[in-house]
Amino acid sequence: MSKSEFYIGWMANAPGTFAKHAKRVLLILFPVALIVAYLLATSQKKFSSANFEYGKLTELTGIYFNKPVPLLKVYDKNREPITIPLVGYGKHGAETAIMEIENERKTSLNGKEVTLKGTLLYGDGKTILQIDKNDKPLVNIGSGSAFSVVERDLGTQTIRGEIVDPKCYFGVMKPGEGKVHRDCAIRCILGGIPPVLHVQNKIGESNYYLIVGPGGEKMNEAVQDVVGEPVSIEAKVMQQDDWIILYTDKESIKRISYAQLRNPGAKVIACSSMK
Amino acid sequence: MSAGYAAVGWNRQKKIYDWIIFGFCVLYLLTFVVLTAFFNPDYTFETVLIRSTSTLAVLLLHIILSIGPLARLNKKFLPLLYNRRHLGVTMFCIAAVHGVFSIMQFHTLGNVNPLVSLFTSNTNFNSIAAFPFQALGFFALIILFLMAITSHDFWLHNLSPKIWKTLHMFVYLAYFLIVMHVMLGVIQYETHPVFVILISLGAVWLIALHLIAGTKEVKKDNQKFNPGTEGFVYVSEANEFEEGRAKIFCIDRERIAVYKHDNKLYAIHNVCKHQGGPLGEGKILDGCITCPWHGYQYLPHNGQSPPPFKEKVSTYDVKVSEGKVFLNPNPYDEGTERPGASIN
Ligand code: HEM
Ligand code: FES
């Protein structure tokens, strides 16, 4: 620059060499913005194809159970059961909404055929129903009904995976797992949404297990510190229709490394193939 | 320069500057959103908003932190420095969209207050991999907030430039917190190496730039002068001065700007009262020494800002004898009138 050229910001026009230099800087900065946006946007992990039918209400008729977690068993054309765990509005479990219905109707819903209205979430072969008292979820209560739950004892196993909250995982949030989503998963589970263990085998197939205490009690608070982290769980494994349930306790859930998670043991694959 | 809370005047350059910032942000956000929608069609609106704004804020922060050292190394970066605070406020606003949306997304509709949830969900404060990274982002956002609301010169005067400058040095703490927020957050989740590569490149770039600019400054400060008589030291030949410009000398840690104006030499303290800009790198405009950073002005013969402004800097004695310039590094009280030294 010529030595006497001088820039000062309150002048209406920057002297020529300053203006030229500023243009050159912008010619670098704008492409940098494009490149950074491109690199970051295209390197994000693929989002799951799970779906939350936000704003759309669906009525489902099935048998309501409050154990091992609040759920509705709906039967398809072939009388095959589809187990649909229930969750509440926001980061809450379904218990409060169910309790309000039971108090209002002065009857227990457990084991009864009911028609519930709510918002569906689904992904990877699993379905969840959100019931919110503002949607007036109870459409009809039928009588106690004849049903048979097929249970199979799969013995005691050690299973590795990540504890997720099924509401976010199966559609409300992308991503609904891992470190970035961890705080939210903890909040959802502390709010009553049942913890679920997500397990993946070597070829990327997933399976999902409901986690409850040794006697079927809630484990929501017990798992707080290990949600969204790689864990191994030693549990009594029971298959109940189309979901598998892990009966375990706090001491049997251990944090492991990501390397250990990526090389799941043979037992995990055995369980996954139950699908 | 006045201590009142005057509305900021928007001249043509400021308008251009702001339009460029606006265009830059829109370009980045659109590119990010469109590419995410195209390559990752199962995205949700919330996630793409949270991610596009946060990464843009970090990109802007790198630009902001680069401008200072770049302007020290090359004066042609000064046009970027002059309105840097606009860039800072913009960056805060974008980071705030990210922070507020993250709190809404991950912490509202739960069984406790969202801010309580922010600090009580993940409590693994003693683990690195599991560390609650969101809390780090929260504290960074608070720092950026304090800087943004105090960016007007009104606060500079009310808090005193020293406190203001200290507060604004916290931007480096904010930067560190944000780097950790990213390292312990998204980098523990994503598997593509580009995330860790970009944030590391950014850190290396900023550290290198600050080191280079800093060494240059230190070299200047360590210039050696022979002690002279009666406190005066020889600094330069008189014919090396250019009319309306200055040379800077650092004697006994005192940085002094010696200006040539109307064929006389005047010496004032080199540090601008506004934000410590190097007055000796400025120029005389309309008879006033004008700071190159934001244009504060001082009269050469007494170091005072022309009325109604009240800034004052120290003045010094200069002597010219047989074409040689001698300078006395003992400062006079700020605003003390000195006669200057005729060159001929
Ligand atoms: C209240 C304050 C903040 C909260 C609660 C917060 C929360 C979060 C969360 C939950 C994520 C992970 C999102 C995801 O990838 O799905 C994230 C990522 C990120 N945050 Fe923050 N944050 C805050 C402040 C900040 C600030 C001030 C900055 C920097 C200016 C920042 C920069 C980033 C970046 C660059 C990412 C990575 C984005 C990506 O996924 O590619 N955050 N933050
Ligand atoms: S430092 Fe701002 S005008 Fe001098």
# chains A, B, ... in the order shown; residues from 1 in each chain; ligands from 1

$ residues_around --residues "Gly176 (chain A)" --least-positions-apart "2" --cutoff "12 Å" --atoms "only C-alpha atoms" --output "count of residues only"
40

$ residues_near_ligand --ligand "ligand 2" --cutoff "9 Å" --atoms "only C-alpha atoms and all ligand atoms" --output "MDAnalysis selection string"
chainID B and resid 1 82 271:279 290:297

$ write_last_selection --atoms "N, CA and C atoms" --output "compact mmCIF listing (two decimals), in the first residue's frame"
# COMPACT_ATOMS: atom_id res chain seq x y z
N MET B 1 -17.38 8.46 21.33
CA MET B 1 -16.36 8.84 22.29
C MET B 1 -16.96 9.52 23.51
N TYR B 82 -12.67 -2.73 12.45
CA TYR B 82 -13.42 -1.56 12.88
C TYR B 82 -14.81 -1.90 13.40
N VAL B 271 -0.79 4.17 23.49
CA VAL B 271 -1.95 3.32 23.76
C VAL B 271 -3.24 4.14 23.80
N CYS B 272 -4.14 3.82 22.89
CA CYS B 272 -5.41 4.55 22.79
C CYS B 272 -6.27 4.29 24.01
N LYS B 273 -6.98 5.36 24.46
CA LYS B 273 -7.83 5.23 25.65
C LYS B 273 -9.08 4.41 25.39
N HIS B 274 -9.38 4.20 24.12
CA HIS B 274 -10.61 3.45 23.82
C HIS B 274 -10.41 1.98 24.12
N GLN B 275 -9.64 1.29 23.28
CA GLN B 275 -9.42 -0.13 23.56
C GLN B 275 -7.95 -0.47 23.40
N GLY B 276 -7.09 0.51 23.63
CA GLY B 276 -5.66 0.21 23.59
C GLY B 276 -5.10 0.09 22.19
N GLY B 277 -5.76 0.67 21.20
CA GLY B 277 -5.24 0.64 19.83
C GLY B 277 -3.90 1.36 19.75
N PRO B 278 -3.04 0.99 18.75
CA PRO B 278 -1.72 1.59 18.61
C PRO B 278 -1.79 2.95 17.92
N LEU B 279 -1.74 4.02 18.71
CA LEU B 279 -1.93 5.35 18.14
C LEU B 279 -0.87 5.68 17.10
N THR B 290 -5.19 10.25 14.80
CA THR B 290 -6.39 9.44 14.71
C THR B 290 -6.04 7.97 14.88
N CYS B 291 -6.70 7.33 15.86
CA CYS B 291 -6.41 5.92 16.15
C CYS B 291 -6.85 5.04 14.99
N PRO B 292 -6.01 4.11 14.58
CA PRO B 292 -6.37 3.29 13.43
C PRO B 292 -7.47 2.28 13.73
N TRP B 293 -7.73 2.02 14.99
CA TRP B 293 -8.71 0.97 15.27
C TRP B 293 -10.14 1.46 15.14
N HIS B 294 -10.51 2.48 15.89
CA HIS B 294 -11.89 2.94 15.80
C HIS B 294 -11.99 4.46 15.63
N GLY B 295 -10.83 5.10 15.39
CA GLY B 295 -10.88 6.50 15.02
C GLY B 295 -10.99 7.51 16.15
N TYR B 296 -10.66 7.14 17.38
CA TYR B 296 -10.59 8.16 18.43
C TYR B 296 -9.49 9.15 18.05
N GLN B 297 -9.65 10.43 18.46
CA GLN B 297 -8.68 11.44 18.03
C GLN B 297 -8.06 12.16 19.22

$ residues_around --residues "region 230-236 of chain A" --least-positions-apart "2" --cutoff "6 Å" --atoms "only C-alpha atoms" --output "list in words"
Gly155, Thr156, Gln157, Thr158, Ile159, Arg160, Gly161, Glu162, Leu246, Tyr247, Thr248, Ser252, Ile253, Lys254, Arg255 and Ile256 of chain A

$ write_last_selection --atoms "all heavy atoms" --output "compact mmCIF listing (two decimals), in the first residue's frame"
# COMPACT_ATOMS: atom_id res chain seq x y z
N GLY A 155 -33.12 -67.84 29.98
CA GLY A 155 -32.00 -68.05 30.89
C GLY A 155 -31.30 -66.75 31.27
O GLY A 155 -31.75 -65.66 30.94
N THR A 156 -30.21 -66.90 31.99
CA THR A 156 -29.46 -65.72 32.40
C THR A 156 -28.39 -65.44 31.36
O THR A 156 -27.65 -66.33 30.97
CB THR A 156 -28.82 -65.97 33.78
OG1 THR A 156 -29.88 -66.18 34.71
CG2 THR A 156 -28.00 -64.76 34.22
N GLN A 157 -28.34 -64.20 30.92
CA GLN A 157 -27.37 -63.84 29.88
C GLN A 157 -26.75 -62.50 30.21
O GLN A 157 -27.29 -61.70 30.97
CB GLN A 157 -28.09 -63.72 28.53
CG GLN A 157 -28.81 -64.98 28.12
CD GLN A 157 -29.19 -64.91 26.65
OE1 GLN A 157 -28.45 -64.40 25.83
NE2 GLN A 157 -30.36 -65.44 26.33
N THR A 158 -25.58 -62.26 29.58
CA THR A 158 -24.97 -60.94 29.67
C THR A 158 -25.08 -60.30 28.30
O THR A 158 -24.64 -60.87 27.30
CB THR A 158 -23.51 -61.04 30.10
OG1 THR A 158 -23.48 -61.71 31.36
CG2 THR A 158 -22.88 -59.67 30.25
N ILE A 159 -25.67 -59.14 28.26
CA ILE A 159 -25.98 -58.51 26.98
C ILE A 159 -25.38 -57.11 26.95
O ILE A 159 -25.42 -56.38 27.93
CB ILE A 159 -27.51 -58.44 26.79
CG1 ILE A 159 -28.07 -59.86 26.89
CG2 ILE A 159 -27.86 -57.82 25.45
CD1 ILE A 159 -29.56 -59.92 26.77
N ARG A 160 -24.78 -56.77 25.81
CA ARG A 160 -24.14 -55.45 25.70
C ARG A 160 -24.93 -54.55 24.75
O ARG A 160 -25.35 -54.99 23.69
CB ARG A 160 -22.73 -55.60 25.15
CG ARG A 160 -21.80 -56.29 26.10
CD ARG A 160 -20.52 -56.59 25.38
NE ARG A 160 -19.63 -57.34 26.24
CZ ARG A 160 -18.52 -57.90 25.81
NH1 ARG A 160 -18.17 -57.76 24.54
NH2 ARG A 160 -17.75 -58.56 26.63
N GLY A 161 -25.05 -53.31 25.15
CA GLY A 161 -25.77 -52.37 24.29
C GLY A 161 -25.79 -50.99 24.91
O GLY A 161 -24.98 -50.68 25.79
N GLU A 162 -26.74 -50.16 24.47
CA GLU A 162 -26.88 -48.81 25.00
C GLU A 162 -28.31 -48.64 25.49
O GLU A 162 -29.26 -49.02 24.80
CB GLU A 162 -26.58 -47.78 23.90
CG GLU A 162 -26.81 -46.34 24.36
CD GLU A 162 -26.67 -45.31 23.23
OE1 GLU A 162 -25.82 -45.52 22.34
OE2 GLU A 162 -27.42 -44.31 23.26
N LEU A 246 -35.69 -57.83 30.18
CA LEU A 246 -34.52 -58.13 31.01
C LEU A 246 -34.88 -57.85 32.45
O LEU A 246 -35.23 -56.72 32.79
CB LEU A 246 -33.33 -57.27 30.60
CG LEU A 246 -32.88 -57.31 29.14
CD1 LEU A 246 -31.67 -56.40 28.93
CD2 LEU A 246 -32.55 -58.74 28.72
N TYR A 247 -34.80 -58.89 33.30
CA TYR A 247 -35.00 -58.69 34.74
C TYR A 247 -33.61 -58.59 35.34
O TYR A 247 -32.85 -59.55 35.32
CB TYR A 247 -35.78 -59.86 35.34
CG TYR A 247 -37.21 -59.90 34.86
CD1 TYR A 247 -37.56 -60.58 33.71
CD2 TYR A 247 -38.21 -59.23 35.58
CE1 TYR A 247 -38.87 -60.59 33.27
CE2 TYR A 247 -39.53 -59.25 35.14
CZ TYR A 247 -39.86 -59.92 33.98
OH TYR A 247 -41.16 -59.93 33.54
N THR A 248 -33.27 -57.41 35.85
CA THR A 248 -31.90 -57.21 36.32
C THR A 248 -31.90 -56.26 37.52
O THR A 248 -32.96 -55.82 37.97
CB THR A 248 -31.03 -56.65 35.17
OG1 THR A 248 -29.68 -56.58 35.60
CG2 THR A 248 -31.48 -55.26 34.75
N SER A 252 -25.91 -55.29 38.37
CA SER A 252 -25.61 -56.14 37.21
C SER A 252 -25.45 -55.33 35.92
O SER A 252 -25.25 -55.88 34.85
CB SER A 252 -26.73 -57.16 37.01
OG SER A 252 -26.93 -57.87 38.21
N ILE A 253 -25.58 -54.00 36.04
CA ILE A 253 -25.41 -53.15 34.86
C ILE A 253 -24.05 -52.47 34.98
O ILE A 253 -23.80 -51.73 35.93
CB ILE A 253 -26.52 -52.07 34.77
CG1 ILE A 253 -27.89 -52.75 34.80
CG2 ILE A 253 -26.35 -51.23 33.52
CD1 ILE A 253 -29.05 -51.80 34.72
N LYS A 254 -23.15 -52.75 34.03
CA LYS A 254 -21.80 -52.19 34.13
C LYS A 254 -21.45 -51.41 32.88
O LYS A 254 -21.76 -51.82 31.77
CB LYS A 254 -20.80 -53.33 34.30
CG LYS A 254 -21.02 -54.09 35.59
CD LYS A 254 -19.76 -54.80 36.03
CE LYS A 254 -19.97 -55.40 37.41
NZ LYS A 254 -21.00 -56.49 37.38
N ARG A 255 -20.78 -50.28 33.09
CA ARG A 255 -20.30 -49.50 31.96
C ARG A 255 -19.14 -50.25 31.32
O ARG A 255 -18.28 -50.80 32.02
CB ARG A 255 -19.84 -48.13 32.47
CG ARG A 255 -19.61 -47.16 31.34
CD ARG A 255 -19.14 -45.82 31.87
NE ARG A 255 -20.24 -44.99 32.29
CZ ARG A 255 -20.23 -44.25 33.40
NH1 ARG A 255 -19.20 -44.27 34.21
NH2 ARG A 255 -21.25 -43.50 33.70
N ILE A 256 -19.11 -50.28 29.98
CA ILE A 256 -17.99 -50.91 29.28
C ILE A 256 -17.45 -49.91 28.25
O ILE A 256 -17.98 -48.80 28.13
CB ILE A 256 -18.43 -52.21 28.56
CG1 ILE A 256 -19.58 -51.92 27.59
CG2 ILE A 256 -18.81 -53.28 29.57
CD1 ILE A 256 -19.95 -53.09 26.71

$ atom_distance --atom1 "CA of Asp252 (chain B)" --atom2 "CA of Asp221 (chain B)"
8.9 Å

$ closest_residue --among "A:Leu40, A:Arg152, A:Ile193, A:Val114" --to "chain B" --atoms "only C-alpha atoms"
A:Leu40

$ residues_near_ligand --ligand "ligand 1" --cutoff "6 Å" --atoms "only C-alpha atoms and all ligand atoms" --output "PyMOL selection string"
(chain A and resi 180) or (chain B and resi 47+51+54-55+57-58+95+99+102-103+134+137-138+140-141+178+182+186)

$ write_last_selection --atoms "N, CA and C atoms" --output "PDB file, in the first residue's frame"
ATOM      1  N   VAL A 180     -24.763 -37.141  22.210  1.00  0.00           N
ATOM      2  CA  VAL A 180     -25.446 -35.857  22.001  1.00  0.00           C
ATOM      3  C   VAL A 180     -26.864 -35.857  22.575  1.00  0.00           C
TER       4      VAL A 180
ATOM      5  N   THR B  47     -33.092 -30.646  14.735  1.00  0.00           N
ATOM      6  CA  THR B  47     -31.681 -31.019  14.695  1.00  0.00           C
ATOM      7  C   THR B  47     -30.912 -30.180  13.681  1.00  0.00           C
ATOM      8  N   ARG B  51     -27.828 -27.780  14.696  1.00  0.00           N
ATOM      9  CA  ARG B  51     -26.489 -28.026  14.168  1.00  0.00           C
ATOM     10  C   ARG B  51     -26.005 -26.929  13.221  1.00  0.00           C
ATOM     11  N   SER B  54     -25.122 -23.786  15.425  1.00  0.00           N
ATOM     12  CA  SER B  54     -23.952 -23.942  16.291  1.00  0.00           C
ATOM     13  C   SER B  54     -22.670 -23.936  15.481  1.00  0.00           C
ATOM     14  N   THR B  55     -22.677 -24.621  14.341  1.00  0.00           N
ATOM     15  CA  THR B  55     -21.434 -24.679  13.575  1.00  0.00           C
ATOM     16  C   THR B  55     -21.136 -23.318  12.937  1.00  0.00           C
ATOM     17  N   ALA B  57     -21.895 -20.440  14.319  1.00  0.00           N
ATOM     18  CA  ALA B  57     -21.366 -19.596  15.402  1.00  0.00           C
ATOM     19  C   ALA B  57     -19.885 -19.892  15.625  1.00  0.00           C
ATOM     20  N   VAL B  58     -19.511 -21.145  15.570  1.00  0.00           N
ATOM     21  CA  VAL B  58     -18.103 -21.488  15.793  1.00  0.00           C
ATOM     22  C   VAL B  58     -17.235 -20.976  14.640  1.00  0.00           C
ATOM     23  N   ALA B  95     -25.447 -18.226  18.256  1.00  0.00           N
ATOM     24  CA  ALA B  95     -25.159 -19.230  19.287  1.00  0.00           C
ATOM     25  C   ALA B  95     -26.351 -19.352  20.240  1.00  0.00           C
ATOM     26  N   GLY B  99     -28.343 -22.546  21.560  1.00  0.00           N
ATOM     27  CA  GLY B  99     -28.441 -22.886  22.975  1.00  0.00           C
ATOM     28  C   GLY B  99     -29.893 -22.990  23.430  1.00  0.00           C
ATOM     29  N   SER B 102     -31.573 -25.961  21.952  1.00  0.00           N
ATOM     30  CA  SER B 102     -31.099 -27.201  22.569  1.00  0.00           C
ATOM     31  C   SER B 102     -31.785 -27.400  23.918  1.00  0.00           C
ATOM     32  N   ILE B 103     -31.908 -26.315  24.679  1.00  0.00           N
ATOM     33  CA  ILE B 103     -32.561 -26.449  25.982  1.00  0.00           C
ATOM     34  C   ILE B 103     -34.022 -26.841  25.793  1.00  0.00           C
ATOM     35  N   GLN B 134     -23.068 -30.225  27.770  1.00  0.00           N
ATOM     36  CA  GLN B 134     -23.993 -29.111  27.555  1.00  0.00           C
ATOM     37  C   GLN B 134     -23.736 -27.967  28.537  1.00  0.00           C
ATOM     38  N   GLY B 137     -21.244 -25.579  27.146  1.00  0.00           N
ATOM     39  CA  GLY B 137     -21.852 -24.670  26.171  1.00  0.00           C
ATOM     40  C   GLY B 137     -22.624 -23.571  26.874  1.00  0.00           C
ATOM     41  N   PHE B 138     -23.299 -23.932  27.962  1.00  0.00           N
ATOM     42  CA  PHE B 138     -24.085 -22.950  28.699  1.00  0.00           C
ATOM     43  C   PHE B 138     -23.197 -21.820  29.231  1.00  0.00           C
ATOM     44  N   ALA B 140     -20.250 -20.933  28.193  1.00  0.00           N
ATOM     45  CA  ALA B 140     -19.711 -20.165  27.062  1.00  0.00           C
ATOM     46  C   ALA B 140     -20.753 -19.156  26.588  1.00  0.00           C
ATOM     47  N   LEU B 141     -22.006 -19.604  26.526  1.00  0.00           N
ATOM     48  CA  LEU B 141     -23.064 -18.710  26.053  1.00  0.00           C
ATOM     49  C   LEU B 141     -23.253 -17.525  27.004  1.00  0.00           C
ATOM     50  N   ILE B 178     -16.056 -23.809  24.410  1.00  0.00           N
ATOM     51  CA  ILE B 178     -16.769 -24.289  23.220  1.00  0.00           C
ATOM     52  C   ILE B 178     -16.012 -25.459  22.579  1.00  0.00           C
ATOM     53  N   VAL B 182     -17.586 -29.201  22.145  1.00  0.00           N
ATOM     54  CA  VAL B 182     -17.624 -29.972  20.902  1.00  0.00           C
ATOM     55  C   VAL B 182     -16.868 -31.299  21.066  1.00  0.00           C
ATOM     56  N   VAL B 186     -20.365 -33.644  20.437  1.00  0.00           N
ATOM     57  CA  VAL B 186     -20.632 -34.240  19.126  1.00  0.00           C
ATOM     58  C   VAL B 186     -19.506 -35.174  18.673  1.00  0.00           C
TER      59      VAL B 186
END

$ atom_distance --atom1 "CA of Thr42 (chain A)" --atom2 "CA of Phe39 (chain B)"
6.5 Å

$ closest_atom_pairs --of "region 10-67 of chain A" --to "region 98-113 of chain A" --cutoff "6 Å" --atoms "only C-alpha atoms" --output "Markdown table"
| residue | atom | partner | partner_atom | distance |
| --- | --- | --- | --- | --- |
| A:Gly62 | CA | A:Glu113 | CA | 5.4 |
| A:Ile63 | CA | A:Glu113 | CA | 4.3 |
| A:Tyr64 | CA | A:Gly111 | CA | 5.5 |
| A:Phe65 | CA | A:Asn110 | CA | 4.9 |
| A:Asn66 | CA | A:Asn110 | CA | 5.9 |

$ closest_residue --among "B:Asn124, B:Gly244, B:Phe131, B:Ile20" --to "Leu87 (chain B)" --atoms "only C-alpha atoms"
B:Ile20

$ residues_around --residues "Arg262 (chain A)" --least-positions-apart "5" --cutoff "9 Å" --atoms "only C-alpha atoms" --output "number ranges by chain"
A: 200-202, 257

$ closest_residue --among "B:His152, B:Lys75, B:Lys324, B:His192" --to "Phe18 (chain A)" --atoms "only C-alpha atoms"
B:Lys75

$ residues_around --residues "region 135-143 of chain A" --least-positions-apart "2" --cutoff "6 Å" --atoms "only C-alpha atoms" --output "MDAnalysis selection string"
chainID A and resid 112:117 131:133 145

$ select_by_dssp --residues "region 262-337 of chain B" --states "strand (DSSP E)" --output "list of chain:residue names"
B:Lys264, B:Leu265, B:Tyr266, B:Ala267, B:Ile268, B:His269, B:Lys283, B:Ile284, B:Leu285, B:Cys288, B:Ile289, B:Thr290, B:Gln297, B:Tyr298, B:Thr315, B:Tyr316, B:Asp317, B:Val318, B:Lys319, B:Val320, B:Ser321, B:Lys324, B:Val325, B:Phe326, B:Leu327, B:Asn328

$ atom_distance --atom1 "CA of Gly93 (chain A)" --atom2 "CA of Ile244 (chain A)"
19.4 Å

$ select_by_dssp --residues "region 162-251 of chain B" --states "alpha helix (DSSP H)" --output "JSON, numbers by chain"
{"B": [162, 163, 164, 165, 166, 167, 168, 169, 171, 172, 173, 174, 175, 176, 177, 178, 179, 180, 181, 182, 183, 194, 195, 196, 197, 198, 199, 200, 201, 202, 203, 204, 205, 206, 207, 208, 209, 210, 211, 212, 213, 214, 215, 216, 217, 218, 219, 220, 221]}

$ residues_around --residues "region 24-29 of chain B" --least-positions-apart "3" --cutoff "7 Å" --atoms "only C-alpha atoms" --output "PDB file with all heavy atoms, in the first residue's frame"
ATOM      1  N   PHE A  30     -16.078 -16.516   1.818  1.00  0.00           N
ATOM      2  CA  PHE A  30     -17.336 -17.101   1.346  1.00  0.00           C
ATOM      3  C   PHE A  30     -17.149 -18.553   0.896  1.00  0.00           C
ATOM      4  O   PHE A  30     -17.920 -19.417   1.316  1.00  0.00           O
ATOM      5  CB  PHE A  30     -17.997 -16.210   0.283  1.00  0.00           C
ATOM      6  CG  PHE A  30     -18.827 -15.117   0.904  1.00  0.00           C
ATOM      7  CD1 PHE A  30     -18.214 -14.026   1.508  1.00  0.00           C
ATOM      8  CD2 PHE A  30     -20.215 -15.191   0.939  1.00  0.00           C
ATOM      9  CE1 PHE A  30     -18.966 -13.023   2.116  1.00  0.00           C
ATOM     10  CE2 PHE A  30     -20.982 -14.200   1.544  1.00  0.00           C
ATOM     11  CZ  PHE A  30     -20.350 -13.124   2.130  1.00  0.00           C
ATOM     12  N   ALA A  33     -16.930 -20.725   3.925  1.00  0.00           N
ATOM     13  CA  ALA A  33     -18.245 -21.018   4.503  1.00  0.00           C
ATOM     14  C   ALA A  33     -18.902 -22.180   3.759  1.00  0.00           C
ATOM     15  O   ALA A  33     -19.447 -23.105   4.374  1.00  0.00           O
ATOM     16  CB  ALA A  33     -19.141 -19.785   4.442  1.00  0.00           C
ATOM     17  N   LEU A  34     -18.823 -22.136   2.422  1.00  0.00           N
ATOM     18  CA  LEU A  34     -19.441 -23.204   1.630  1.00  0.00           C
ATOM     19  C   LEU A  34     -18.784 -24.550   1.923  1.00  0.00           C
ATOM     20  O   LEU A  34     -19.462 -25.559   2.095  1.00  0.00           O
ATOM     21  CB  LEU A  34     -19.310 -22.899   0.137  1.00  0.00           C
ATOM     22  CG  LEU A  34     -20.244 -21.818  -0.390  1.00  0.00           C
ATOM     23  CD1 LEU A  34     -19.954 -21.523  -1.854  1.00  0.00           C
ATOM     24  CD2 LEU A  34     -21.690 -22.274  -0.234  1.00  0.00           C
ATOM     25  N   ALA A  37     -19.623 -25.792   5.512  1.00  0.00           N
ATOM     26  CA  ALA A  37     -21.019 -26.254   5.562  1.00  0.00           C
ATOM     27  C   ALA A  37     -21.143 -27.589   4.842  1.00  0.00           C
ATOM     28  O   ALA A  37     -21.812 -28.514   5.323  1.00  0.00           O
ATOM     29  CB  ALA A  37     -21.944 -25.213   4.927  1.00  0.00           C
TER      30      ALA A  37
ATOM     31  N   ILE B  20     -22.728  -7.785   4.492  1.00  0.00           N
ATOM     32  CA  ILE B  20     -21.833  -8.911   4.194  1.00  0.00           C
ATOM     33  C   ILE B  20     -21.978  -9.992   5.263  1.00  0.00           C
ATOM     34  O   ILE B  20     -22.079 -11.181   4.951  1.00  0.00           O
ATOM     35  CB  ILE B  20     -20.371  -8.418   4.087  1.00  0.00           C
ATOM     36  CG1 ILE B  20     -20.213  -7.560   2.833  1.00  0.00           C
ATOM     37  CG2 ILE B  20     -19.404  -9.608   4.038  1.00  0.00           C
ATOM     38  CD1 ILE B  20     -18.878  -6.882   2.692  1.00  0.00           C
ATOM     39  N   ILE B  21     -22.048  -9.588   6.540  1.00  0.00           N
ATOM     40  CA  ILE B  21     -22.244 -10.569   7.616  1.00  0.00           C
ATOM     41  C   ILE B  21     -23.545 -11.338   7.378  1.00  0.00           C
ATOM     42  O   ILE B  21     -23.603 -12.562   7.451  1.00  0.00           O
ATOM     43  CB  ILE B  21     -22.312  -9.883   9.005  1.00  0.00           C
ATOM     44  CG1 ILE B  21     -21.006  -9.184   9.331  1.00  0.00           C
ATOM     45  CG2 ILE B  21     -22.647 -10.902  10.089  1.00  0.00           C
ATOM     46  CD1 ILE B  21     -21.041  -8.407  10.640  1.00  0.00           C
ATOM     47  N   PHE B  32     -25.964 -25.556   4.616  1.00  0.00           N
ATOM     48  CA  PHE B  32     -26.016 -26.649   5.594  1.00  0.00           C
ATOM     49  C   PHE B  32     -27.378 -27.345   5.565  1.00  0.00           C
ATOM     50  O   PHE B  32     -27.463 -28.572   5.498  1.00  0.00           O
ATOM     51  CB  PHE B  32     -25.722 -26.100   6.993  1.00  0.00           C
ATOM     52  CG  PHE B  32     -25.479 -27.173   8.020  1.00  0.00           C
ATOM     53  CD1 PHE B  32     -24.181 -27.471   8.424  1.00  0.00           C
ATOM     54  CD2 PHE B  32     -26.528 -27.884   8.586  1.00  0.00           C
ATOM     55  CE1 PHE B  32     -23.946 -28.463   9.365  1.00  0.00           C
ATOM     56  CE2 PHE B  32     -26.302 -28.875   9.523  1.00  0.00           C
ATOM     57  CZ  PHE B  32     -25.005 -29.166   9.911  1.00  0.00           C
ATOM     58  N   VAL B  33     -28.433 -26.543   5.581  1.00  0.00           N
ATOM     59  CA  VAL B  33     -29.782 -27.127   5.659  1.00  0.00           C
ATOM     60  C   VAL B  33     -30.102 -27.899   4.378  1.00  0.00           C
ATOM     61  O   VAL B  33     -30.582 -29.039   4.426  1.00  0.00           O
ATOM     62  CB  VAL B  33     -30.825 -26.015   5.914  1.00  0.00           C
ATOM     63  CG1 VAL B  33     -32.236 -26.567   5.802  1.00  0.00           C
ATOM     64  CG2 VAL B  33     -30.601 -25.385   7.282  1.00  0.00           C
ATOM     65  N   SER B  52     -26.916 -26.382  12.409  1.00  0.00           N
ATOM     66  CA  SER B  52     -26.442 -25.359  11.471  1.00  0.00           C
ATOM     67  C   SER B  52     -26.069 -24.086  12.219  1.00  0.00           C
ATOM     68  O   SER B  52     -25.045 -23.464  11.937  1.00  0.00           O
ATOM     69  CB  SER B  52     -27.504 -25.077  10.398  1.00  0.00           C
ATOM     70  OG  SER B  52     -28.700 -24.642  10.995  1.00  0.00           O
ATOM     71  N   LEU B  56     -22.194 -22.595  12.551  1.00  0.00           N
ATOM     72  CA  LEU B  56     -21.964 -21.246  12.017  1.00  0.00           C
ATOM     73  C   LEU B  56     -21.356 -20.348  13.095  1.00  0.00           C
ATOM     74  O   LEU B  56     -20.415 -19.583  12.831  1.00  0.00           O
ATOM     75  CB  LEU B  56     -23.283 -20.645  11.501  1.00  0.00           C
ATOM     76  CG  LEU B  56     -23.233 -19.171  11.102  1.00  0.00           C
ATOM     77  CD1 LEU B  56     -22.201 -18.933  10.000  1.00  0.00           C
ATOM     78  CD2 LEU B  56     -24.603 -18.677  10.631  1.00  0.00           C
TER      79      LEU B  56
END

$ closest_residue --among "B:Ile149, B:Met169, B:Leu285, B:Met180" --to "Ala203 (chain B)" --atoms "only C-alpha atoms"
B:Met180
